[in-house]
$ cat work_3.pdb   # PDB, C-alpha atoms
ATOM      1  CA  MET H   1      19.904  14.914 -11.018
ATOM      2  CA  LYS H   2      19.559  17.640  -8.416
ATOM      3  CA  ILE H   3      20.469  16.723  -4.851
ATOM      4  CA  GLU H   4      17.920  18.789  -2.971
ATOM      5  CA  LYS H   5      14.548  18.584  -1.280
ATOM      6  CA  ILE H   6      11.630  18.924  -3.651
ATOM      7  CA  ASP H   7       8.549  20.783  -2.496
ATOM      8  CA  ALA H   8       5.633  18.751  -3.770
ATOM      9  CA  ILE H   9       2.557  20.570  -5.025
ATOM     10  CA  GLN H  10      -0.481  19.662  -2.962
ATOM     11  CA  LEU H  11      -3.235  17.782  -4.777
ATOM     12  CA  SER H  12      -6.523  16.769  -3.208
ATOM     13  CA  THR H  13      -8.719  14.107  -4.785
ATOM     14  CA  ASP H  14     -11.473  16.668  -5.339
ATOM     15  CA  ASP H  15      -9.113  19.013  -7.165
ATOM     16  CA  ALA H  16      -7.720  16.145  -9.210
ATOM     17  CA  LYS H  17     -11.208  15.207 -10.347
ATOM     18  CA  LYS H  18     -11.888  18.779 -11.437
ATOM     19  CA  TYR H  19      -8.602  18.896 -13.348
ATOM     20  CA  ILE H  20      -9.320  15.550 -15.006
ATOM     21  CA  ALA H  21     -12.716  16.763 -16.161
ATOM     22  CA  THR H  22     -11.006  19.743 -17.800
ATOM     23  CA  ILE H  23      -8.315  17.554 -19.381
ATOM     24  CA  ILE H  24     -10.811  15.072 -20.813
ATOM     25  CA  ASN H  25     -12.971  17.870 -22.173
ATOM     26  CA  GLU H  26      -9.944  19.455 -23.841
ATOM     27  CA  ASN H  27      -8.837  16.226 -25.511
ATOM     28  CA  TYR H  28     -12.077  14.336 -26.149
ATOM     29  CA  ALA H  29     -14.832  16.963 -25.951
ATOM     30  CA  GLN H  30     -16.711  14.925 -23.368
ATOM     31  CA  ASN H  31     -16.863  14.367 -19.632
ATOM     32  CA  PRO H  32     -15.318  11.429 -17.777
ATOM     33  CA  THR H  33     -17.781   8.807 -16.558
ATOM     34  CA  ILE H  34     -15.553   7.294 -13.854
ATOM     35  CA  ILE H  35     -12.548   8.704 -11.987
ATOM     36  CA  LYS H  36     -10.786   6.549  -9.400
ATOM     37  CA  TYR H  37      -7.589   7.191  -7.440
ATOM     38  CA  LEU H  38      -5.067   4.408  -8.076
ATOM     39  CA  GLY H  39      -2.197   5.451  -5.863
ATOM     40  CA  GLY H  40       0.976   7.448  -5.894
ATOM     41  CA  GLY H  41       4.215   8.340  -4.230
ATOM     42  CA  SER H  42       5.960  11.472  -3.014
ATOM     43  CA  PHE H  43       5.762  13.253  -6.345
ATOM     44  CA  GLY H  44       3.102  11.558  -8.465
ATOM     45  CA  SER H  45      -0.576  10.662  -8.219
ATOM     46  CA  ALA H  46      -2.316   8.326 -10.682
ATOM     47  CA  PHE H  47      -6.024   8.117 -11.481
ATOM     48  CA  TYR H  48      -8.076   5.646 -13.482
ATOM     49  CA  VAL H  49     -10.305   7.484 -15.938
ATOM     50  CA  GLN H  50     -13.136   6.109 -18.043
ATOM     51  CA  ILE H  51     -14.824   7.950 -20.891
ATOM     52  CA  SER H  52     -17.520   6.778 -23.269
ATOM     53  CA  ASN H  53     -15.159   4.930 -25.595
ATOM     54  CA  ALA H  54     -11.879   4.454 -23.721
ATOM     55  CA  GLU H  55     -10.072   3.851 -20.443
ATOM     56  CA  MET H  56      -6.813   5.436 -19.414
ATOM     57  CA  VAL H  57      -4.601   6.454 -16.514
ATOM     58  CA  ILE H  58      -3.827  10.117 -15.877
ATOM     59  CA  LYS H  59      -0.756  10.817 -13.782
ATOM     60  CA  PHE H  60      -0.233  14.178 -12.095
ATOM     61  CA  LEU H  61       3.364  15.168 -11.363
ATOM     62  CA  ARG H  62       3.519  16.968  -8.049
ATOM     63  CA  ALA H  63       7.018  18.311  -8.643
ATOM     64  CA  LYS H  64       8.277  20.610 -11.361
ATOM     65  CA  ASP H  65      10.522  19.639 -14.270
ATOM     66  CA  MET H  66       9.522  15.970 -14.335
ATOM     67  CA  LEU H  67       7.220  15.879 -17.339
ATOM     68  CA  GLU H  68       9.670  15.819 -20.223
ATOM     69  CA  LYS H  69      11.797  13.063 -18.743
ATOM     70  CA  GLU H  70       8.923  10.830 -17.581
ATOM     71  CA  VAL H  71       7.249  10.937 -20.993
ATOM     72  CA  PHE H  72      10.557  10.479 -22.825
ATOM     73  CA  ASP H  73      11.677   7.544 -20.673
ATOM     74  CA  LEU H  74       8.360   5.740 -20.807
ATOM     75  CA  THR H  75       8.307   6.040 -24.598
ATOM     76  CA  LEU H  76      11.969   5.056 -24.977
ATOM     77  CA  ILE H  77      11.702   1.959 -22.796
ATOM     78  CA  ARG H  78       8.394   0.945 -24.385
ATOM     79  CA  GLU H  79      10.106   0.994 -27.773
ATOM     80  CA  ASN H  80      12.950  -1.176 -26.459
ATOM     81  CA  SER H  81      11.054  -3.781 -24.451
ATOM     82  CA  ASN H  82       9.576  -7.163 -25.302
ATOM     83  CA  VAL H  83       7.165  -6.782 -22.376
ATOM     84  CA  LYS H  84       4.320  -4.302 -22.680
ATOM     85  CA  PHE H  85       4.677  -0.803 -21.262
ATOM     86  CA  PRO H  86       1.779   1.663 -21.255
ATOM     87  CA  LYS H  87       1.702   4.007 -24.245
ATOM     88  CA  VAL H  88       1.669   7.739 -23.576
ATOM     89  CA  LEU H  89      -1.513   9.169 -25.092
ATOM     90  CA  PHE H  90      -0.865  12.849 -24.481
ATOM     91  CA  SER H  91       0.790  15.202 -22.037
ATOM     92  CA  ARG H  92      -0.134  18.587 -20.629
ATOM     93  CA  ALA H  93       2.123  21.185 -19.045
ATOM     94  CA  ALA H  94       0.976  23.127 -15.993
ATOM     95  CA  ASP H  95      -0.710  26.466 -16.541
ATOM     96  CA  ASP H  96      -3.057  28.893 -14.807
ATOM     97  CA  ILE H  97      -5.951  26.442 -15.155
ATOM     98  CA  ILE H  98      -4.214  23.283 -13.898
ATOM     99  CA  PRO H  99      -1.115  23.955 -11.749
ATOM    100  CA  LEU H 100       0.480  20.522 -12.228
ATOM    101  CA  ASP H 101       2.111  18.809 -15.188
ATOM    102  CA  CYS H 102       0.350  15.608 -16.175
ATOM    103  CA  TYR H 103       0.144  12.967 -18.848
ATOM    104  CA  ALA H 104      -2.261  10.246 -19.887
ATOM    105  CA  MET H 105      -1.322   6.676 -20.713
ATOM    106  CA  GLU H 106      -3.183   3.633 -21.836
ATOM    107  CA  LEU H 107      -4.564   1.373 -19.138
ATOM    108  CA  VAL H 108      -2.637  -1.886 -18.829
ATOM    109  CA  GLN H 109      -4.248  -5.048 -17.546
ATOM    110  CA  GLY H 110      -3.466  -6.798 -14.272
ATOM    111  CA  LYS H 111      -2.339  -5.531 -10.921
ATOM    112  CA  SER H 112       0.941  -5.099  -9.125
ATOM    113  CA  ALA H 113       2.747  -8.340  -8.319
ATOM    114  CA  PHE H 114       3.413  -6.907  -4.875
ATOM    115  CA  VAL H 115      -0.291  -6.810  -3.961
ATOM    116  CA  ASN H 116      -1.282 -10.027  -5.743
ATOM    117  CA  GLN H 117      -1.360 -12.304  -2.721
ATOM    118  CA  LYS H 118      -1.463 -15.445  -4.823
ATOM    119  CA  GLY H 119       2.140 -14.909  -5.853
ATOM    120  CA  TRP H 120       3.453 -15.070  -2.312
ATOM    121  CA  PHE H 121       2.181 -18.642  -1.980
ATOM    122  CA  LEU H 122       3.447 -19.970  -5.304
ATOM    123  CA  SER H 123       5.710 -22.994  -5.246
ATOM    124  CA  LYS H 124       9.438 -22.397  -5.512
ATOM    125  CA  LYS H 125       9.372 -23.786  -9.050
ATOM    126  CA  LYS H 126       6.757 -21.248 -10.148
ATOM    127  CA  ARG H 127       8.540 -18.386  -8.401
ATOM    128  CA  ILE H 128      11.733 -19.316 -10.242
ATOM    129  CA  LYS H 129       9.778 -19.383 -13.518
ATOM    130  CA  PHE H 130       8.433 -15.912 -12.767
ATOM    131  CA  ALA H 131      11.966 -14.677 -12.024
ATOM    132  CA  ASP H 132      13.185 -16.143 -15.299
ATOM    133  CA  GLU H 133      10.529 -14.244 -17.249
ATOM    134  CA  VAL H 134      11.141 -10.955 -15.416
ATOM    135  CA  THR H 135      14.904 -11.083 -15.841
ATOM    136  CA  THR H 136      14.678 -12.098 -19.494
ATOM    137  CA  ALA H 137      12.517  -9.035 -20.119
ATOM    138  CA  LEU H 138      14.836  -6.734 -18.176
ATOM    139  CA  HIS H 139      17.869  -8.052 -20.044
ATOM    140  CA  TYR H 140      16.092  -7.239 -23.308
ATOM    141  CA  ILE H 141      15.825  -3.607 -22.161
ATOM    142  CA  HIS H 142      19.486  -3.672 -21.144
ATOM    143  CA  SER H 143      20.422  -4.719 -24.673
ATOM    144  CA  LYS H 144      19.695  -1.144 -25.780
ATOM    145  CA  THR H 145      23.060   0.588 -25.452
ATOM    146  CA  ASN H 146      24.600   3.991 -26.037
ATOM    147  CA  ASP H 147      28.068   5.335 -26.709
ATOM    148  CA  LYS H 148      27.846   7.473 -23.570
ATOM    149  CA  PHE H 149      26.656   7.048 -19.980
ATOM    150  CA  GLY H 150      24.206   9.287 -18.182
ATOM    151  CA  ASP H 151      20.650  10.566 -18.253
ATOM    152  CA  THR H 152      18.616   9.295 -21.195
ATOM    153  CA  LEU H 153      17.867  12.870 -22.251
ATOM    154  CA  ASN H 154      21.553  13.733 -22.497
ATOM    155  CA  PRO H 155      24.048  10.874 -22.076
ATOM    156  CA  GLU H 156      27.414  12.609 -22.132
ATOM    157  CA  PHE H 157      29.882  10.701 -19.944
ATOM    158  CA  ALA H 158      32.687   8.528 -21.269
ATOM    159  CA  SER H 159      32.488   6.112 -18.340
ATOM    160  CA  TRP H 160      29.994   5.049 -15.694
ATOM    161  CA  ILE H 161      32.253   6.282 -12.902
ATOM    162  CA  ASP H 162      32.578   9.704 -14.560
ATOM    163  CA  PHE H 163      28.813   9.993 -14.144
ATOM    164  CA  TYR H 164      28.111   8.069 -10.954
ATOM    165  CA  LYS H 165      30.956   9.082  -8.613
ATOM    166  CA  PRO H 166      30.168  12.838  -8.643
ATOM    167  CA  PHE H 167      26.478  12.002  -8.187
ATOM    168  CA  ALA H 168      27.239   9.666  -5.263
ATOM    169  CA  LYS H 169      29.617  12.241  -3.755
ATOM    170  CA  ALA H 170      26.940  14.935  -3.908
ATOM    171  CA  ILE H 171      24.510  12.638  -2.078
ATOM    172  CA  TYR H 172      27.148  11.834   0.554
ATOM    173  CA  GLU H 173      28.010  15.501   1.119
ATOM    174  CA  LYS H 174      24.333  16.404   1.465
ATOM    175  CA  ALA H 175      23.904  13.508   3.915
ATOM    176  CA  GLU H 176      26.777  14.842   6.035
ATOM    177  CA  GLU H 177      25.107  18.252   6.072
ATOM    178  CA  MET H 178      21.798  16.713   7.143
ATOM    179  CA  PHE H 179      23.536  14.743   9.891
ATOM    180  CA  LYS H 180      25.217  17.936  11.124
ATOM    181  CA  TYR H 181      21.778  19.487  11.607
ATOM    182  CA  GLY H 182      20.281  16.386  13.197
ATOM    183  CA  ILE H 183      18.146  15.446  10.201
ATOM    184  CA  LEU H 184      19.878  12.159   9.304
ATOM    185  CA  PRO H 185      20.343   9.336  11.872
ATOM    186  CA  SER H 186      23.888   8.510  12.937
ATOM    187  CA  LYS H 187      23.484   4.851  11.904
ATOM    188  CA  VAL H 188      22.972   5.952   8.298
ATOM    189  CA  ILE H 189      25.855   8.402   8.048
ATOM    190  CA  PHE H 190      28.255   6.017   9.803
ATOM    191  CA  ALA H 191      27.503   3.318   7.223
ATOM    192  CA  MET H 192      27.880   5.841   4.418
ATOM    193  CA  ARG H 193      31.252   7.004   5.738
ATOM    194  CA  VAL H 194      32.656   3.484   5.830
ATOM    195  CA  ALA H 195      31.338   2.723   2.352
ATOM    196  CA  TRP H 196      32.525   6.011   0.863
ATOM    197  CA  GLU H 197      36.080   5.363   2.079
ATOM    198  CA  LYS H 198      36.051   2.177   0.007
ATOM    199  CA  PHE H 199      34.335   3.610  -3.066
ATOM    200  CA  ASP H 200      37.274   3.038  -5.418
ATOM    201  CA  MET H 201      37.645  -0.546  -4.215
ATOM    202  CA  ILE H 202      33.930  -1.262  -4.567
ATOM    203  CA  PHE H 203      33.831   0.141  -8.089
ATOM    204  CA  ALA H 204      37.258  -1.034  -9.234
ATOM    205  CA  GLU H 205      35.927  -3.088 -12.143
ATOM    206  CA  ASN H 206      35.281  -1.093 -15.299
ATOM    207  CA  VAL H 207      31.718  -1.013 -16.653
ATOM    208  CA  THR H 208      32.129  -1.584 -20.368
ATOM    209  CA  SER H 209      28.617  -0.964 -21.727
ATOM    210  CA  ALA H 210      26.213   1.940 -21.221
ATOM    211  CA  CYS H 211      22.929   0.048 -21.059
ATOM    212  CA  LEU H 212      19.401   1.379 -20.854
ATOM    213  CA  ILE H 213      17.949   0.729 -17.385
ATOM    214  CA  HIS H 214      14.415   0.919 -16.018
ATOM    215  CA  GLY H 215      15.576   2.450 -12.743
ATOM    216  CA  ASP H 216      12.804   1.195 -10.458
ATOM    217  CA  LEU H 217      11.857  -2.344 -11.444
ATOM    218  CA  ASN H 218      10.568  -4.152  -8.391
ATOM    219  CA  LEU H 219       7.455  -6.188  -7.611
ATOM    220  CA  ALA H 220       5.349  -3.038  -7.293
ATOM    221  CA  ASN H 221       6.062  -2.111 -10.906
ATOM    222  CA  ILE H 222       5.498  -5.553 -12.419
ATOM    223  CA  MET H 223       1.870  -6.079 -13.418
ATOM    224  CA  VAL H 224       0.469  -9.598 -13.421
ATOM    225  CA  ASP H 225      -2.829 -11.345 -14.137
ATOM    226  CA  GLU H 226      -4.773 -13.571 -11.739
ATOM    227  CA  ASN H 227      -2.434 -16.487 -12.471
ATOM    228  CA  PHE H 228       0.656 -14.367 -11.837
ATOM    229  CA  ASN H 229       1.596 -14.123 -15.511
ATOM    230  CA  ILE H 230       3.335 -10.869 -16.446
ATOM    231  CA  THR H 231       1.076  -8.442 -18.303
ATOM    232  CA  SER H 232       3.321  -5.373 -18.306
ATOM    233  CA  PHE H 233       6.003  -3.323 -16.600
ATOM    234  CA  ILE H 234       5.245   0.232 -15.452
ATOM    235  CA  ASP H 235       6.785   3.373 -13.947
ATOM    236  CA  PRO H 236      10.424   3.663 -15.004
ATOM    237  CA  LEU H 237      12.204   6.163 -12.752
ATOM    238  CA  ASN H 238      15.421   8.091 -13.371
ATOM    239  CA  SER H 239      16.180   5.861 -16.343
ATOM    240  CA  MET H 240      19.735   6.128 -17.612
ATOM    241  CA  TYR H 241      22.359   4.576 -19.810
ATOM    242  CA  ALA H 242      24.168   2.966 -16.937
ATOM    243  CA  ASP H 243      25.726  -0.018 -15.244
ATOM    244  CA  THR H 244      23.133  -2.810 -15.557
ATOM    245  CA  GLU H 245      23.733  -3.641 -11.888
ATOM    246  CA  TYR H 246      22.207  -0.284 -10.972
ATOM    247  CA  ASP H 247      18.921  -1.939 -11.987
ATOM    248  CA  LEU H 248      19.493  -4.968  -9.767
ATOM    249  CA  PHE H 249      19.414  -3.498  -6.250
ATOM    250  CA  GLN H 250      15.694  -2.827  -6.675
ATOM    251  CA  PHE H 251      15.169  -6.585  -7.076
ATOM    252  CA  ASP H 252      16.015  -7.008  -3.389
ATOM    253  CA  ASN H 253      13.264  -4.615  -2.290
ATOM    254  CA  ILE H 254       9.662  -5.275  -1.165
ATOM    255  CA  GLY H 255       9.804  -9.049  -1.399
ATOM    256  CA  GLY H 256      11.965  -9.469  -4.470
ATOM    257  CA  LYS H 257      14.294 -11.849  -2.656
ATOM    258  CA  ARG H 258      11.458 -14.363  -2.256
ATOM    259  CA  PHE H 259      11.265 -14.542  -6.039
ATOM    260  CA  TYR H 260      15.051 -14.832  -6.532
ATOM    261  CA  LEU H 261      15.003 -11.883  -8.917
ATOM    262  CA  ARG H 262      18.549 -10.566  -8.514
ATOM    263  CA  LYS H 263      20.077 -14.009  -8.109
ATOM    264  CA  THR H 264      18.357 -15.184 -11.263
ATOM    265  CA  TYR H 265      19.620 -12.225 -13.279
ATOM    266  CA  MET H 266      23.175 -12.701 -12.021
ATOM    267  CA  ASP H 267      23.123 -16.461 -12.706
ATOM    268  CA  LYS H 268      21.781 -16.001 -16.240
ATOM    269  CA  TYR H 269      23.719 -12.988 -17.441
ATOM    270  CA  GLY H 270      26.738 -12.782 -15.183
ATOM    271  CA  ALA H 271      27.813 -10.090 -12.765
ATOM    272  CA  SER H 272      30.856  -8.169 -11.674
ATOM    273  CA  ALA H 273      33.015  -9.599  -8.894
ATOM    274  CA  ASN H 274      31.707  -6.915  -6.526
ATOM    275  CA  CYS H 275      28.070  -7.014  -7.593
ATOM    276  CA  ASN H 276      26.750  -7.709  -4.085
ATOM    277  CA  VAL H 277      28.569  -4.819  -2.437
ATOM    278  CA  LYS H 278      27.817  -2.535  -5.392
ATOM    279  CA  CYS H 279      24.104  -3.275  -5.049
ATOM    280  CA  ALA H 280      24.341  -2.605  -1.312
ATOM    281  CA  PHE H 281      25.966   0.750  -2.075
ATOM    282  CA  TYR H 282      23.472   1.618  -4.813
ATOM    283  CA  GLY H 283      20.569   0.693  -2.563
ATOM    284  CA  LEU H 284      21.717   2.742   0.435
ATOM    285  CA  TRP H 285      22.656   5.779  -1.637
ATOM    286  CA  ASN H 286      19.378   5.638  -3.544
ATOM    287  CA  GLU H 287      17.328   5.549  -0.352
ATOM    288  CA  VAL H 288      19.239   8.493   1.099
ATOM    289  CA  PHE H 289      18.688  10.335  -2.195
ATOM    290  CA  CYS H 290      14.952   9.637  -1.924
ATOM    291  CA  TYR H 291      14.980  10.902   1.665
ATOM    292  CA  ILE H 292      16.766  14.077   0.604
ATOM    293  CA  LYS H 293      14.163  14.718  -2.096
ATOM    294  CA  SER H 294      11.036  13.794  -0.166
ATOM    295  CA  GLY H 295      11.920  14.524   3.455
ATOM    296  CA  THR H 296      10.434  11.163   4.447
ATOM    297  CA  LEU H 297      12.622   8.557   6.140
ATOM    298  CA  ILE H 298      11.192   5.039   6.061
ATOM    299  CA  ASN H 299      13.061   3.029   8.693
ATOM    300  CA  THR H 300      11.651  -0.311   7.542
ATOM    301  CA  ILE H 301      13.471   0.276   4.256
ATOM    302  CA  MET H 302      16.516   2.158   5.512
ATOM    303  CA  ASN H 303      17.502  -0.138   8.382
ATOM    304  CA  PRO H 304      17.974  -3.293   6.253
ATOM    305  CA  LEU H 305      19.997  -1.265   3.731
ATOM    306  CA  VAL H 306      22.349  -0.033   6.464
ATOM    307  CA  LYS H 307      22.725  -3.564   7.821
ATOM    308  CA  ASN H 308      23.385  -4.994   4.355
ATOM    309  CA  MET H 309      25.976  -2.309   3.613
ATOM    310  CA  TYR H 310      28.043  -3.411   6.600
ATOM    311  CA  LYS H 311      27.564  -7.065   5.729
ATOM    312  CA  GLN H 312      28.751  -6.670   2.156
ATOM    313  CA  LEU H 313      31.719  -4.497   3.135
ATOM    314  CA  LYS H 314      32.938  -7.308   5.385
ATOM    315  CA  ASN H 315      32.932  -9.599   2.372
ATOM    316  CA  LEU H 316      34.820  -7.140   0.180
TER     317      LEU H 316
END

$ encode --input "work_3.pdb" --output "structure tokens"
Amino acid sequence: MKIEKIDAIQLSTDDAKKYIATIINENYAQNPTIIKYLGGGSFGSAFYVQISNAEMVIKFLRAKDMLEKEVFDLTLIRENSNVKFPKVLFSRAADDIIPLDCYAMELVQGKSAFVNQKGWFLSKKKRIKFADEVTTALHYIHSKTNDKFGDTLNPEFASWIDFYKPFAKAIYEKAEEMFKYGILPSKVIFAMRVAWEKFDMIFAENVTSACLIHGDLNLANIMVDENFNITSFIDPLNSMYADTEYDLFQFDNIGGKRFYLRKTYMDKYGASANCNVKCAFYGLWNEVFCYIKSGTLINTIMNPLVKNMYKQLKNL
């Protein structure tokens, strides 16, 4: 993965609707009847699309060189999951007519667990049940293994550390450069410096299995029905054959602690002795990586990660 800022291609809703009309006409020889913006992040925008005989989601990728991996990972994880993932219907590379890569996937039922307010008021017993179902499904994905670690498109590393340490070092060095030019807050780089000095201690335990990971499984990417039953998982990101605990730090984000997601996984399937500090490291480094790529620093996310990094280092 490249450690650099990505310049996102601009996409207005009006332009997206024009592009979708072209895409639907190319693939179905008809015009869409409904187009609705669903949401997106720094580098992707998703739209609900209805035609005369089908519904789907079309996702535009606002950065280059994402299409092959997104389609590959979504298909790979779908084939190795006991929870539904949306099926890729078709993909389309950017050209002179539409300047963004995009792909279409089937519409899955439900809405994000993060925005389903009913879930936040469930009893502890029901939240634990939900955590049990989520972690069982994630463990099923983790049961898909490979002889090598690394990107799903080309796993080539004999050990997890052979892959992850150079990647983490590149993020750290870029962070130091950003701090030098006043782009990264001192509180972030100070925490990174302390953690980096103890990298070998944090990651002393050998990771024995290269397991398939989702890469971004949190409440936002878990779809549920009105009764908070899981209907599907969505949006794998930077999926790899990796340390399973690299999938667990996301469970602490955006309300995951209220549902005991990481604790439940660790209790059911075990964890390394340093799992807590590893997840703190993974979480901080991932957020800095996202900042490097997007240029957007979200203090409400970053500040707790910095605080947790110090906390877990004290317990090391």

$ residues_around --input "work_3.pdb" --residues "stretch 159-168 of chain H" --least-positions-apart "5" --cutoff "8 Å" --atoms "only C-alpha atoms" --output "ChimeraX atom specification"
/H:1,148-150,203,207-208,210,242-243,285

$ write_last_selection --input "work_3.pdb" --atoms "C-alpha atoms" --output "compact mmCIF listing (two decimals), keeping the file's coordinate frame"
# COMPACT_ATOMS: atom_id res chain seq x y z
CA MET H 1 19.90 14.91 -11.02
CA LYS H 148 27.85 7.47 -23.57
CA PHE H 149 26.66 7.05 -19.98
CA GLY H 150 24.21 9.29 -18.18
CA PHE H 203 33.83 0.14 -8.09
CA VAL H 207 31.72 -1.01 -16.65
CA THR H 208 32.13 -1.58 -20.37
CA ALA H 210 26.21 1.94 -21.22
CA ALA H 242 24.17 2.97 -16.94
CA ASP H 243 25.73 -0.02 -15.24
CA TRP H 285 22.66 5.78 -1.64

$ residues_near_point --input "work_3.pdb" --point "(21.2, 17.1, 2.2)" --cutoff "10 Å" --atoms "all atoms listed in the file" --output "ChimeraX atom specification"
/H:3-5,170-181,183-184,288-289,291-293,295

$ write_last_selection --input "work_3.pdb" --atoms "C-alpha atoms" --output "CSV table (one decimal), keeping the file's coordinate frame"
chain,number,residue,atom,x,y,z
H,3,ILE,CA,20.5,16.7,-4.9
H,4,GLU,CA,17.9,18.8,-3.0
H,5,LYS,CA,14.5,18.6,-1.3
H,170,ALA,CA,26.9,14.9,-3.9
H,171,ILE,CA,24.5,12.6,-2.1
H,172,TYR,CA,27.1,11.8,0.6
H,173,GLU,CA,28.0,15.5,1.1
H,174,LYS,CA,24.3,16.4,1.5
H,175,ALA,CA,23.9,13.5,3.9
H,176,GLU,CA,26.8,14.8,6.0
H,177,GLU,CA,25.1,18.3,6.1
H,178,MET,CA,21.8,16.7,7.1
H,179,PHE,CA,23.5,14.7,9.9
H,180,LYS,CA,25.2,17.9,11.1
H,181,TYR,CA,21.8,19.5,11.6
H,183,ILE,CA,18.1,15.4,10.2
H,184,LEU,CA,19.9,12.2,9.3
H,288,VAL,CA,19.2,8.5,1.1
H,289,PHE,CA,18.7,10.3,-2.2
H,291,TYR,CA,15.0,10.9,1.7
H,292,ILE,CA,16.8,14.1,0.6
H,293,LYS,CA,14.2,14.7,-2.1
H,295,GLY,CA,11.9,14.5,3.5

$ resolve_selection --input "work_3.pdb" --expression "the PyMOL selection byres ((chain H and resi 57-69) around 6)" --output "list in words"
Ala8, Ile9, Phe43, Gly44, Ser45, Ala46, Phe47, Tyr48, Val49, Met56, Glu70, Val71, Phe72, Asp73, Asp101, Cys102, Tyr103, Ala104, Met105 and Leu107 of chain H

$ atom_distance --input "work_3.pdb" --atom1 "atom CA of H:Thr135" --atom2 "atom CA of H:Tyr269"
9.2 Å

$ closest_residue --input "work_3.pdb" --among "H:Phe199, H:Trp120, H:Phe157, H:Phe251" --to "H:Asn274" --atoms "all atoms listed in the file"
H:Phe199

$ closest_residue --input "work_3.pdb" --among "H:Asn27, H:Ser232, H:Ser81, H:Ser112" --to "H:Ile141" --atoms "all atoms listed in the file"
H:Ser81

$ resolve_selection --input "work_3.pdb" --expression "the PyMOL selection byres ((chain H and resi 20) around 10)" --output "list in words"
Asp14, Asp15, Ala16, Lys17, Lys18, Tyr19, Ala21, Thr22, Ile23, Ile24, Asn25, Glu26, Asn31, Pro32, Ile35, Phe47, Val49, Ile58, Lys59, Phe60, Ile98 and Cys102 of chain H

$ closest_residue --input "work_3.pdb" --among "H:Val188, H:Phe85, H:Phe233, H:Asp151" --to "H:Leu297" --atoms "only C-alpha atoms"
H:Val188

$ closest_residue --input "work_3.pdb" --among "H:Glu226, H:Asp132, H:Glu205, H:Asp216" --to "H:Phe249" --atoms "only C-alpha atoms"
H:Asp216

$ closest_residue --input "work_3.pdb" --among "H:Leu261, H:Val306, H:Leu100, H:Cys279" --to "H:Val194" --atoms "all atoms listed in the file"
H:Val306

$ residues_around --input "work_3.pdb" --residues "stretch 124-130 of chain H" --least-positions-apart "3" --cutoff "9 Å" --atoms "only C-alpha atoms" --output "list of chain:residue names"
H:Gly119, H:Trp120, H:Phe121, H:Glu133, H:Val134, H:Thr135, H:Phe228, H:Asn229, H:Ile230, H:Arg258, H:Phe259, H:Tyr260, H:Leu261, H:Thr264

$ closest_residue --input "work_3.pdb" --among "H:Asp267, H:Asp252, H:Asp247, H:Asp225" --to "H:Asn116" --atoms "all atoms listed in the file"
H:Asp225

$ residues_around --input "work_3.pdb" --residues "H:Ala195" --least-positions-apart "6" --cutoff "9 Å" --atoms "only C-alpha atoms" --output "PDB file with C-alpha atoms, in the frame of the given file"
ATOM      1  CA  ILE H 202      33.930  -1.262  -4.567  1.00  0.00           C
ATOM      2  CA  PHE H 281      25.966   0.750  -2.075  1.00  0.00           C
ATOM      3  CA  MET H 309      25.976  -2.309   3.613  1.00  0.00           C
ATOM      4  CA  TYR H 310      28.043  -3.411   6.600  1.00  0.00           C
ATOM      5  CA  LEU H 313      31.719  -4.497   3.135  1.00  0.00           C
TER       6      LEU H 313
END

$ atom_distance --input "work_3.pdb" --atom1 "atom CA of H:Leu219" --atom2 "atom CA of H:Arg92"
29.0 Å

$ decode --input "work_3.pdb" --residues "stretch 21-30 of chain H" --atoms "N, CA and C atoms" --output "PDB file, in the first residue's frame"
ATOM      1  N   ALA H  21     -26.847   7.073 -15.492  1.00  0.00           N
ATOM      2  CA  ALA H  21     -27.747   6.890 -16.630  1.00  0.00           C
ATOM      3  C   ALA H  21     -27.014   6.225 -17.793  1.00  0.00           C
ATOM      4  N   THR H  22     -25.775   6.663 -18.031  1.00  0.00           N
ATOM      5  CA  THR H  22     -24.969   6.058 -19.096  1.00  0.00           C
ATOM      6  C   THR H  22     -24.656   4.599 -18.785  1.00  0.00           C
ATOM      7  N   ILE H  23     -24.260   4.337 -17.535  1.00  0.00           N
ATOM      8  CA  ILE H  23     -23.900   2.977 -17.123  1.00  0.00           C
ATOM      9  C   ILE H  23     -25.090   2.027 -17.253  1.00  0.00           C
ATOM     10  N   ILE H  24     -26.235   2.446 -16.799  1.00  0.00           N
ATOM     11  CA  ILE H  24     -27.432   1.601 -16.861  1.00  0.00           C
ATOM     12  C   ILE H  24     -27.834   1.350 -18.313  1.00  0.00           C
ATOM     13  N   ASN H  25     -27.716   2.370 -19.136  1.00  0.00           N
ATOM     14  CA  ASN H  25     -28.052   2.201 -20.549  1.00  0.00           C
ATOM     15  C   ASN H  25     -27.100   1.230 -21.224  1.00  0.00           C
ATOM     16  N   GLU H  26     -25.822   1.297 -20.858  1.00  0.00           N
ATOM     17  CA  GLU H  26     -24.832   0.381 -21.430  1.00  0.00           C
ATOM     18  C   GLU H  26     -25.116  -1.071 -21.049  1.00  0.00           C
ATOM     19  N   ASN H  27     -25.522  -1.299 -19.809  1.00  0.00           N
ATOM     20  CA  ASN H  27     -25.653  -2.660 -19.305  1.00  0.00           C
ATOM     21  C   ASN H  27     -27.058  -3.248 -19.419  1.00  0.00           C
ATOM     22  N   TYR H  28     -28.079  -2.374 -19.423  1.00  0.00           N
ATOM     23  CA  TYR H  28     -29.451  -2.880 -19.403  1.00  0.00           C
ATOM     24  C   TYR H  28     -30.338  -2.295 -20.510  1.00  0.00           C
ATOM     25  N   ALA H  29     -29.764  -1.422 -21.323  1.00  0.00           N
ATOM     26  CA  ALA H  29     -30.502  -0.805 -22.422  1.00  0.00           C
ATOM     27  C   ALA H  29     -31.806  -0.151 -21.946  1.00  0.00           C
ATOM     28  N   GLN H  30     -31.723   0.513 -20.830  1.00  0.00           N
ATOM     29  CA  GLN H  30     -32.861   1.258 -20.292  1.00  0.00           C
ATOM     30  C   GLN H  30     -32.345   2.385 -19.419  1.00  0.00           C
TER      31      GLN H  30
END
